[in-house]
Each structure stands twice: as C-alpha cells, then as structure tokens.
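*Asks:* Structure file upload-v9.txt (compact mmCIF, N, CA and C atoms) right here:
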# COMPACT_ATOMS: atom_id res chain seq x y z
N MET A 277 -3.68 100.95 -195.16
CA MET A 277 -2.72 102.03 -195.36
C MET A 277 -3.49 103.34 -195.52
N ARG A 278 -3.02 104.39 -194.86
CA ARG A 278 -3.75 105.65 -194.89
C ARG A 278 -3.44 106.44 -196.16
N GLU A 279 -4.37 107.27 -196.53
CA GLU A 279 -4.20 108.15 -197.69
C GLU A 279 -3.21 109.25 -197.32
N ILE A 280 -2.23 109.49 -198.19
CA ILE A 280 -1.26 110.55 -197.96
C ILE A 280 -1.78 111.81 -198.64
N LYS A 281 -2.13 112.79 -197.82
CA LYS A 281 -2.55 114.08 -198.34
C LYS A 281 -2.30 115.14 -197.28
N PHE A 282 -2.38 116.37 -197.69
CA PHE A 282 -2.06 117.49 -196.83
C PHE A 282 -3.13 118.57 -196.99
N ARG A 283 -3.10 119.53 -196.09
CA ARG A 283 -3.88 120.75 -196.26
C ARG A 283 -2.93 121.91 -196.02
N ILE A 284 -3.28 123.05 -196.60
CA ILE A 284 -2.49 124.26 -196.43
C ILE A 284 -3.44 125.45 -196.48
N LYS A 285 -3.13 126.47 -195.70
CA LYS A 285 -3.99 127.64 -195.63
C LYS A 285 -3.46 128.71 -196.58
N ASP A 286 -4.35 129.20 -197.44
CA ASP A 286 -3.97 130.26 -198.36
C ASP A 286 -3.75 131.54 -197.57
N ASP A 287 -2.57 132.14 -197.72
CA ASP A 287 -2.24 133.31 -196.92
C ASP A 287 -2.98 134.58 -197.36
N ILE A 288 -3.64 134.55 -198.50
CA ILE A 288 -4.40 135.72 -198.97
C ILE A 288 -5.88 135.58 -198.61
N THR A 289 -6.48 134.43 -198.95
CA THR A 289 -7.92 134.25 -198.70
C THR A 289 -8.21 133.70 -197.31
N GLY A 290 -7.23 133.05 -196.69
CA GLY A 290 -7.44 132.43 -195.38
C GLY A 290 -8.19 131.11 -195.46
N GLU A 291 -8.43 130.61 -196.67
CA GLU A 291 -9.16 129.35 -196.86
C GLU A 291 -8.18 128.17 -196.91
N TRP A 292 -8.66 127.00 -196.49
CA TRP A 292 -7.86 125.77 -196.52
C TRP A 292 -8.03 125.08 -197.87
N SER A 293 -6.95 124.51 -198.38
CA SER A 293 -6.98 123.68 -199.58
C SER A 293 -6.35 122.34 -199.23
N TYR A 294 -6.75 121.31 -199.97
CA TYR A 294 -6.36 119.93 -199.65
C TYR A 294 -5.71 119.30 -200.87
N GLY A 295 -4.51 118.75 -200.70
CA GLY A 295 -3.82 118.14 -201.82
C GLY A 295 -2.42 117.72 -201.44
N ILE A 296 -1.46 118.01 -202.34
CA ILE A 296 -0.09 117.54 -202.19
C ILE A 296 0.88 118.67 -202.57
N PRO A 297 1.95 118.87 -201.77
CA PRO A 297 3.01 119.79 -202.20
C PRO A 297 3.60 119.26 -203.51
N GLN A 298 4.02 120.16 -204.38
CA GLN A 298 4.50 119.77 -205.70
C GLN A 298 5.99 119.46 -205.75
N ARG A 299 6.65 119.52 -204.60
CA ARG A 299 8.05 119.11 -204.50
C ARG A 299 8.32 118.79 -203.04
N PRO A 300 9.40 118.06 -202.74
CA PRO A 300 9.73 117.79 -201.34
C PRO A 300 9.93 119.09 -200.56
N VAL A 301 9.48 119.10 -199.32
CA VAL A 301 9.56 120.29 -198.48
C VAL A 301 10.62 120.09 -197.41
N LYS A 302 11.47 121.09 -197.24
CA LYS A 302 12.48 121.07 -196.18
C LYS A 302 12.06 122.04 -195.08
N LYS A 303 12.52 121.81 -193.87
CA LYS A 303 12.17 122.69 -192.75
C LYS A 303 12.64 124.12 -192.96
N THR A 304 13.67 124.32 -193.76
CA THR A 304 14.19 125.67 -194.00
C THR A 304 13.40 126.42 -195.07
N ASP A 305 12.52 125.73 -195.80
CA ASP A 305 11.71 126.38 -196.83
C ASP A 305 10.69 127.32 -196.18
N LYS A 306 10.40 128.40 -196.88
CA LYS A 306 9.36 129.31 -196.42
C LYS A 306 8.07 129.13 -197.23
N ALA A 307 8.22 128.64 -198.46
CA ALA A 307 7.06 128.46 -199.34
C ALA A 307 7.31 127.28 -200.26
N CYS A 308 6.23 126.75 -200.83
CA CYS A 308 6.35 125.67 -201.80
C CYS A 308 5.13 125.71 -202.72
N PRO A 309 5.27 125.19 -203.94
CA PRO A 309 4.09 125.06 -204.79
C PRO A 309 3.17 123.97 -204.26
N PHE A 310 1.87 124.22 -204.28
CA PHE A 310 0.89 123.29 -203.72
C PHE A 310 -0.28 123.18 -204.68
N ARG A 311 -0.68 121.94 -204.98
CA ARG A 311 -1.81 121.70 -205.89
C ARG A 311 -2.83 120.82 -205.19
N GLY A 312 -4.11 121.19 -205.34
CA GLY A 312 -5.16 120.40 -204.73
C GLY A 312 -6.53 120.96 -205.03
N LYS A 313 -7.42 120.82 -204.07
CA LYS A 313 -8.80 121.30 -204.18
C LYS A 313 -9.09 122.23 -203.00
N ASP A 314 -9.88 123.27 -203.26
CA ASP A 314 -10.27 124.12 -202.14
C ASP A 314 -11.48 123.51 -201.44
N ALA A 315 -12.00 124.19 -200.44
CA ALA A 315 -13.11 123.66 -199.65
C ALA A 315 -14.37 123.44 -200.48
N ASN A 316 -14.47 124.11 -201.63
CA ASN A 316 -15.62 123.94 -202.53
C ASN A 316 -15.39 122.89 -203.60
N GLY A 317 -14.23 122.23 -203.58
CA GLY A 317 -13.92 121.20 -204.56
C GLY A 317 -13.34 121.72 -205.85
N LEU A 318 -13.03 123.02 -205.90
CA LEU A 318 -12.46 123.61 -207.10
C LEU A 318 -10.95 123.42 -207.11
N ASP A 319 -10.37 123.29 -208.33
CA ASP A 319 -8.92 123.14 -208.45
C ASP A 319 -8.22 124.33 -207.80
N TYR A 320 -7.11 124.04 -207.13
CA TYR A 320 -6.35 125.06 -206.42
C TYR A 320 -4.88 124.88 -206.74
N PHE A 321 -4.22 125.97 -207.06
CA PHE A 321 -2.76 125.94 -207.21
C PHE A 321 -2.20 127.24 -206.67
N ASN A 322 -1.19 127.14 -205.83
CA ASN A 322 -0.52 128.31 -205.26
C ASN A 322 0.98 128.07 -205.39
N MET A 323 1.64 128.93 -206.14
CA MET A 323 3.07 128.76 -206.38
C MET A 323 3.89 129.02 -205.13
N PHE A 324 3.36 129.86 -204.22
CA PHE A 324 4.13 130.26 -203.04
C PHE A 324 3.34 130.03 -201.76
N ALA A 325 2.81 128.83 -201.60
CA ALA A 325 2.05 128.50 -200.39
C ALA A 325 2.97 128.53 -199.18
N ASP A 326 2.50 129.14 -198.10
CA ASP A 326 3.27 129.29 -196.86
C ASP A 326 3.31 127.95 -196.13
N ILE A 327 4.48 127.32 -196.06
CA ILE A 327 4.53 125.96 -195.52
C ILE A 327 4.36 125.88 -194.01
N LYS A 328 4.36 127.00 -193.31
CA LYS A 328 4.15 126.89 -191.86
C LYS A 328 2.74 126.39 -191.54
N THR A 329 1.82 126.47 -192.51
CA THR A 329 0.46 125.96 -192.30
C THR A 329 0.24 124.59 -192.95
N LEU A 330 1.29 123.99 -193.48
CA LEU A 330 1.19 122.67 -194.12
C LEU A 330 0.96 121.60 -193.06
N CYS A 331 -0.13 120.85 -193.17
CA CYS A 331 -0.51 119.85 -192.17
C CYS A 331 -0.82 118.53 -192.87
N GLN A 332 -0.28 117.44 -192.35
CA GLN A 332 -0.50 116.12 -192.93
C GLN A 332 -1.73 115.45 -192.34
N PHE A 333 -2.48 114.75 -193.18
CA PHE A 333 -3.64 113.97 -192.76
C PHE A 333 -3.16 112.77 -191.95
N THR A 334 -3.80 112.49 -190.82
CA THR A 334 -3.38 111.38 -189.95
C THR A 334 -3.96 110.04 -190.37
N GLY A 335 -4.97 110.06 -191.23
CA GLY A 335 -5.67 108.82 -191.57
C GLY A 335 -6.80 108.52 -190.59
N LEU A 336 -6.98 109.38 -189.59
CA LEU A 336 -8.01 109.20 -188.58
C LEU A 336 -9.16 110.18 -188.81
N TYR A 337 -10.31 109.82 -188.28
CA TYR A 337 -11.50 110.65 -188.36
C TYR A 337 -12.05 110.84 -186.94
N ASP A 338 -12.64 112.00 -186.69
CA ASP A 338 -13.21 112.21 -185.36
C ASP A 338 -14.58 111.55 -185.26
N LYS A 339 -15.23 111.70 -184.12
CA LYS A 339 -16.51 111.02 -183.88
C LYS A 339 -17.60 111.47 -184.84
N ASN A 340 -17.40 112.62 -185.52
CA ASN A 340 -18.37 113.14 -186.48
C ASN A 340 -17.99 112.84 -187.93
N GLY A 341 -16.91 112.07 -188.13
CA GLY A 341 -16.47 111.73 -189.48
C GLY A 341 -15.56 112.77 -190.11
N LYS A 342 -15.12 113.77 -189.35
CA LYS A 342 -14.23 114.82 -189.88
C LYS A 342 -12.79 114.32 -189.88
N GLU A 343 -12.06 114.58 -190.97
CA GLU A 343 -10.66 114.19 -191.06
C GLU A 343 -9.83 114.90 -189.99
N ILE A 344 -8.88 114.18 -189.40
CA ILE A 344 -8.00 114.75 -188.38
C ILE A 344 -6.63 114.98 -189.01
N TYR A 345 -6.15 116.23 -188.91
CA TYR A 345 -4.86 116.64 -189.48
C TYR A 345 -3.90 117.04 -188.37
N GLU A 346 -2.63 116.93 -188.68
CA GLU A 346 -1.58 117.49 -187.83
C GLU A 346 -1.93 118.96 -187.58
N GLY A 347 -1.77 119.42 -186.36
CA GLY A 347 -2.10 120.81 -186.03
C GLY A 347 -3.52 121.03 -185.57
N ASP A 348 -4.36 120.00 -185.67
CA ASP A 348 -5.74 120.14 -185.18
C ASP A 348 -5.76 120.17 -183.66
N ASN A 349 -6.69 120.95 -183.12
CA ASN A 349 -6.99 120.90 -181.70
C ASN A 349 -8.15 119.93 -181.56
N ILE A 350 -7.99 118.95 -180.70
CA ILE A 350 -9.04 117.96 -180.53
C ILE A 350 -9.40 117.83 -179.06
N GLN A 351 -10.59 117.33 -178.87
CA GLN A 351 -11.01 117.01 -177.51
C GLN A 351 -11.04 115.49 -177.40
N TYR A 352 -10.29 114.99 -176.44
CA TYR A 352 -10.28 113.56 -176.14
C TYR A 352 -11.42 113.32 -175.15
N ILE A 353 -12.29 112.42 -175.50
CA ILE A 353 -13.43 112.09 -174.66
C ILE A 353 -13.26 110.64 -174.23
N GLY A 354 -12.90 110.43 -172.97
CA GLY A 354 -12.66 109.09 -172.46
C GLY A 354 -13.72 108.67 -171.47
N TYR A 355 -14.10 107.42 -171.53
CA TYR A 355 -15.12 106.88 -170.63
C TYR A 355 -14.50 105.73 -169.85
N LYS A 356 -14.51 105.84 -168.54
CA LYS A 356 -13.96 104.76 -167.72
C LYS A 356 -14.67 104.76 -166.36
N ASP A 357 -15.07 103.59 -165.93
CA ASP A 357 -15.72 103.43 -164.63
C ASP A 357 -16.91 104.37 -164.46
N GLY A 358 -17.69 104.54 -165.52
CA GLY A 358 -18.88 105.37 -165.46
C GLY A 358 -18.61 106.86 -165.46
N LYS A 359 -17.35 107.28 -165.66
CA LYS A 359 -17.00 108.70 -165.67
C LYS A 359 -16.57 109.12 -167.06
N THR A 360 -16.86 110.37 -167.38
CA THR A 360 -16.45 110.94 -168.65
C THR A 360 -15.31 111.92 -168.39
N ASN A 361 -14.22 111.79 -169.11
CA ASN A 361 -13.08 112.70 -169.00
C ASN A 361 -12.93 113.46 -170.31
N LEU A 362 -12.83 114.78 -170.22
CA LEU A 362 -12.63 115.63 -171.40
C LEU A 362 -11.28 116.32 -171.27
N ILE A 363 -10.40 116.10 -172.25
CA ILE A 363 -9.08 116.73 -172.23
C ILE A 363 -8.80 117.24 -173.64
N ASN A 364 -8.32 118.48 -173.75
CA ASN A 364 -7.98 119.05 -175.05
C ASN A 364 -6.52 118.79 -175.38
N PHE A 365 -6.27 118.42 -176.64
CA PHE A 365 -4.94 118.11 -177.13
C PHE A 365 -4.71 118.74 -178.49
N ARG A 366 -3.44 118.81 -178.88
CA ARG A 366 -3.05 119.17 -180.24
C ARG A 366 -2.52 117.91 -180.90
N VAL A 367 -2.85 117.71 -182.17
CA VAL A 367 -2.38 116.54 -182.92
C VAL A 367 -1.01 116.88 -183.52
N CYS A 368 -0.06 115.96 -183.36
CA CYS A 368 1.28 116.17 -183.91
C CYS A 368 1.87 114.83 -184.33
N PHE A 369 2.96 114.88 -185.06
CA PHE A 369 3.73 113.69 -185.40
C PHE A 369 5.03 113.75 -184.61
N GLU A 370 5.36 112.68 -183.90
CA GLU A 370 6.62 112.56 -183.18
C GLU A 370 7.21 111.20 -183.53
N ASN A 371 8.43 111.20 -184.03
CA ASN A 371 9.11 109.95 -184.40
C ASN A 371 8.23 109.07 -185.29
N LEU A 372 7.58 109.70 -186.25
CA LEU A 372 6.72 109.05 -187.25
C LEU A 372 5.43 108.47 -186.68
N ASP A 373 5.09 108.78 -185.44
CA ASP A 373 3.84 108.34 -184.83
C ASP A 373 2.89 109.51 -184.69
N ILE A 374 1.60 109.22 -184.81
CA ILE A 374 0.58 110.23 -184.57
C ILE A 374 0.41 110.36 -183.06
N CYS A 375 0.56 111.58 -182.56
CA CYS A 375 0.54 111.80 -181.11
C CYS A 375 -0.47 112.88 -180.73
N LEU A 376 -0.86 112.85 -179.47
CA LEU A 376 -1.66 113.89 -178.86
C LEU A 376 -0.78 114.60 -177.85
N ALA A 377 -0.81 115.93 -177.83
CA ALA A 377 0.06 116.68 -176.93
C ALA A 377 -0.70 117.79 -176.24
N ASN A 378 -0.36 118.03 -174.97
CA ASN A 378 -0.78 119.23 -174.27
C ASN A 378 0.23 119.52 -173.16
N LYS A 379 0.14 120.73 -172.59
CA LYS A 379 1.17 121.14 -171.63
C LYS A 379 1.17 120.31 -170.35
N SER A 380 0.01 119.89 -169.89
CA SER A 380 -0.02 119.18 -168.61
C SER A 380 0.28 117.69 -168.73
N CYS A 381 -0.05 117.09 -169.89
CA CYS A 381 0.14 115.64 -170.05
C CYS A 381 1.38 115.28 -170.86
N GLY A 382 2.02 116.27 -171.49
CA GLY A 382 3.09 115.95 -172.42
C GLY A 382 2.49 115.42 -173.71
N TYR A 383 3.10 114.40 -174.28
CA TYR A 383 2.49 113.80 -175.47
C TYR A 383 2.55 112.29 -175.38
N PHE A 384 1.59 111.66 -176.07
CA PHE A 384 1.58 110.20 -176.14
C PHE A 384 1.05 109.78 -177.49
N ARG A 385 1.45 108.60 -177.90
CA ARG A 385 1.03 108.07 -179.20
C ARG A 385 -0.43 107.62 -179.12
N ILE A 386 -1.18 107.89 -180.17
CA ILE A 386 -2.58 107.48 -180.19
C ILE A 386 -2.70 105.98 -180.04
N LYS A 387 -1.77 105.22 -180.63
CA LYS A 387 -1.87 103.76 -180.54
C LYS A 387 -1.62 103.25 -179.12
N ASP A 388 -1.13 104.12 -178.21
CA ASP A 388 -0.90 103.72 -176.82
C ASP A 388 -2.04 104.07 -175.87
N ILE A 389 -3.14 104.59 -176.41
CA ILE A 389 -4.24 105.00 -175.54
C ILE A 389 -4.78 103.82 -174.74
N GLY A 390 -4.80 102.65 -175.32
CA GLY A 390 -5.25 101.47 -174.58
C GLY A 390 -6.65 101.04 -174.97
N ASP A 391 -7.21 100.20 -174.13
CA ASP A 391 -8.49 99.60 -174.45
C ASP A 391 -9.69 100.37 -173.90
N ASP A 392 -9.46 101.51 -173.24
CA ASP A 392 -10.58 102.30 -172.74
C ASP A 392 -11.46 102.72 -173.91
N THR A 393 -12.71 102.94 -173.63
CA THR A 393 -13.60 103.49 -174.65
C THR A 393 -13.29 104.98 -174.76
N TRP A 394 -13.03 105.47 -175.97
CA TRP A 394 -12.70 106.87 -176.15
C TRP A 394 -13.16 107.37 -177.51
N GLU A 395 -13.28 108.68 -177.63
CA GLU A 395 -13.64 109.34 -178.87
C GLU A 395 -12.77 110.59 -179.01
N LEU A 396 -12.59 111.04 -180.23
CA LEU A 396 -11.90 112.29 -180.51
C LEU A 396 -12.86 113.19 -181.26
N GLU A 397 -12.78 114.50 -180.98
CA GLU A 397 -13.59 115.47 -181.72
C GLU A 397 -12.72 116.67 -182.06
N VAL A 398 -12.66 117.03 -183.37
CA VAL A 398 -11.92 118.19 -183.80
C VAL A 398 -12.68 119.43 -183.32
N ILE A 399 -11.96 120.33 -182.61
CA ILE A 399 -12.60 121.55 -182.10
C ILE A 399 -11.93 122.81 -182.66
N GLY A 400 -11.01 122.64 -183.59
CA GLY A 400 -10.31 123.77 -184.22
C GLY A 400 -8.93 123.33 -184.65
N ASN A 401 -8.06 124.31 -184.89
CA ASN A 401 -6.67 124.02 -185.22
C ASN A 401 -5.79 125.17 -184.76
N VAL A 402 -4.49 124.95 -184.74
CA VAL A 402 -3.57 125.93 -184.19
C VAL A 402 -3.46 127.19 -185.04
N PHE A 403 -3.94 127.17 -186.27
CA PHE A 403 -3.81 128.33 -187.14
C PHE A 403 -5.06 129.22 -187.12
N ASP A 404 -6.22 128.64 -186.87
CA ASP A 404 -7.46 129.41 -186.85
C ASP A 404 -7.85 129.82 -185.43
N ASN A 405 -7.49 129.01 -184.45
CA ASN A 405 -7.76 129.33 -183.05
C ASN A 405 -6.79 128.54 -182.18
N SER A 406 -6.41 129.08 -181.06
CA SER A 406 -5.40 128.43 -180.22
C SER A 406 -5.96 127.43 -179.29
Could I get this structure in the form of structure tokens?
*Replies:*
Amino acid sequence: MREIKFRIKDDITGEWSYGIPQRPVKKTDKACPFRGKDANGLDYFNMFADIKTLCQFTGLYDKNGKEIYEGDNIQYIGYKDGKTNLINFRVCFENLDICLANKSCGYFRIKDIGDDTWELEVIGNVFDNS
C-alpha cells in the first residue's frame, strides 16, 4: 500500500512543502490549511495554501529514486527491439488510476504499460516549468 501524502507550493516563497491538507479539499476551494515539512525538513504550516498546486504522491519513484507526484512532467524511457524511445508525459490521476498523459498519445494507465523494459525520470512539473 502506498504512502498517502501531498505536496503544495507556497505562493509567497515558491518553495514546495510535503505533508497533508488539514481538512478535506473540494474542487471549489481556493485555499486550505496545510501542515508538513519544507524541503529542508523544517515544520511547515500555511493556513491559506493555494490548492491549485496541491499534488498527490503516486507511490512511484523515478529511475533516480525521486518521488513521482501528480503534476510532474516525466520522461518515459522505453526499450524495445534494441531501440530507445523517449516520450514526455504529465502524471495525472484518472478514475483513481495513476496515468501518463500527453497531447499526441492521450493518456494511459501506468499499470497498462506492459512487459516492455521501461524507466521514468522526473524532468520538472507543471507549476515550475511546462
């Protein structure tokens, strides 16, 4: 079972913090209280965290051991028949499944990738770079 945690970007400092919203969040909310740790491991609390940057941890790690969150831009590295394929995707949740999405491929569930040898690498996120 994966660890349930989130990250949120502080709208003043621009830094990411990792933890849990302090109440259930609705799509119509603009802000919520958020408690966790900042990137330096220090306690973090923001009473009015901007929920548009709230991203859930997928339970997955990239090829370098970095946690993969909803909203991350990743590079899919697939190896088949001696060829390497590089495709950039955005991580999202669709119908409670972790999915990869881009404009040319649409989206597909990570669990449907198949038996090909593949790796994922986080190359940014939708809030820091497009």
*Asks:* Find the distance between atom CA of A:Asn364 and atom CA of A:Arg283 and write it in Å to one decimal.
*Replies:*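 Interatomic distance, atom CA of A:Asn364 to atom CA of A:Arg283: 21.7 Å.
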*Asks:* Which residues of stretch 314-366 of chain A sit at most 6 Å from stretch 287-295 of chain A, using all atoms listed in the file? Give each one's shortest atom pair and distance in Å (one decimal place), in chain and ascending residue order, as CSV.
*Replies:*
residue,atom,partner,partner_atom,distance
A:Asp314,CA,A:Ser293,CA,4.2
A:Ala315,N,A:Trp292,C,4.8
A:Asp326,N,A:Asp287,N,5.9
*Asks:* Pick from A:Ile296, A:Ile350, A:Ile327, A:Ile386: nearest to A:Lys313, with only C-alpha atoms counted?
*Replies:*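 With only C-alpha atoms as the atom set, the closest residue is A:Ile296.
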*Asks:* Using only C-alpha atoms, pick whichever of A:Leu318, A:Cys308, A:Ile344, A:Ile389 has the shortest atom-to-atom distance to A:Arg366.
*Replies:*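 For A:Arg366, the nearest of the given residues is A:Ile344.
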*Asks:* If you run DSSP on the backbone here, which positions in stretch 311-389 of chain A get strand (DSSP E or B)? Please write them as JSON, numbers by chain.
*Replies:* {"A": [311, 312, 313, 314, 319, 320, 321, 322, 323, 324, 325, 326, 331, 332, 333, 334, 335, 336, 337, 343, 344, 345, 348, 349, 350, 351, 352, 353, 354, 355, 356, 359, 360, 361, 362, 363, 364, 365, 366, 367, 368, 369, 370, 373, 374, 375, 376, 377, 378, 382, 383, 384, 385]}
*Asks:* So that I can check the surroundings of A:Gly347, please list as a ChimeraX atom specification every protein, DNA and RNA residue that reaches within 8 Å of it, counting only N, CA and C atoms and ignoring chain neighbours fewer than 2 positions away.
*Replies:* /A:330-332,344-345,349-350,365-369,400-403
*Asks:* What's around A:Phe321 at 7 Å? Count all atoms listed in the file, leave out sequence neighbours fewer than 2 positions away in its own chain, and write the answer as a PDB file with N, CA and C atoms, in the frame of the given file.
*Replies:*
ATOM      1  N   PRO A 309       5.270 125.190-203.940  1.00  0.00           N
ATOM      2  CA  PRO A 309       4.090 125.060-204.790  1.00  0.00           C
ATOM      3  C   PRO A 309       3.170 123.970-204.260  1.00  0.00           C
ATOM      4  N   PHE A 310       1.870 124.220-204.280  1.00  0.00           N
ATOM      5  CA  PHE A 310       0.890 123.290-203.720  1.00  0.00           C
ATOM      6  C   PHE A 310      -0.280 123.180-204.680  1.00  0.00           C
ATOM      7  N   ARG A 311      -0.680 121.940-204.980  1.00  0.00           N
ATOM      8  CA  ARG A 311      -1.810 121.700-205.890  1.00  0.00           C
ATOM      9  C   ARG A 311      -2.830 120.820-205.190  1.00  0.00           C
ATOM     10  N   GLY A 312      -4.110 121.190-205.340  1.00  0.00           N
ATOM     11  CA  GLY A 312      -5.160 120.400-204.730  1.00  0.00           C
ATOM     12  C   GLY A 312      -6.530 120.960-205.030  1.00  0.00           C
ATOM     13  N   LYS A 313      -7.420 120.820-204.070  1.00  0.00           N
ATOM     14  CA  LYS A 313      -8.800 121.300-204.180  1.00  0.00           C
ATOM     15  C   LYS A 313      -9.090 122.230-203.000  1.00  0.00           C
ATOM     16  N   ASP A 319     -10.370 123.290-208.330  1.00  0.00           N
ATOM     17  CA  ASP A 319      -8.920 123.140-208.450  1.00  0.00           C
ATOM     18  C   ASP A 319      -8.220 124.330-207.800  1.00  0.00           C
ATOM     19  N   MET A 323       1.640 128.930-206.140  1.00  0.00           N
ATOM     20  CA  MET A 323       3.070 128.760-206.380  1.00  0.00           C
ATOM     21  C   MET A 323       3.890 129.020-205.130  1.00  0.00           C
ATOM     22  N   PHE A 324       3.360 129.860-204.220  1.00  0.00           N
ATOM     23  CA  PHE A 324       4.130 130.260-203.040  1.00  0.00           C
ATOM     24  C   PHE A 324       3.340 130.030-201.760  1.00  0.00           C
TER      25      PHE A 324
END
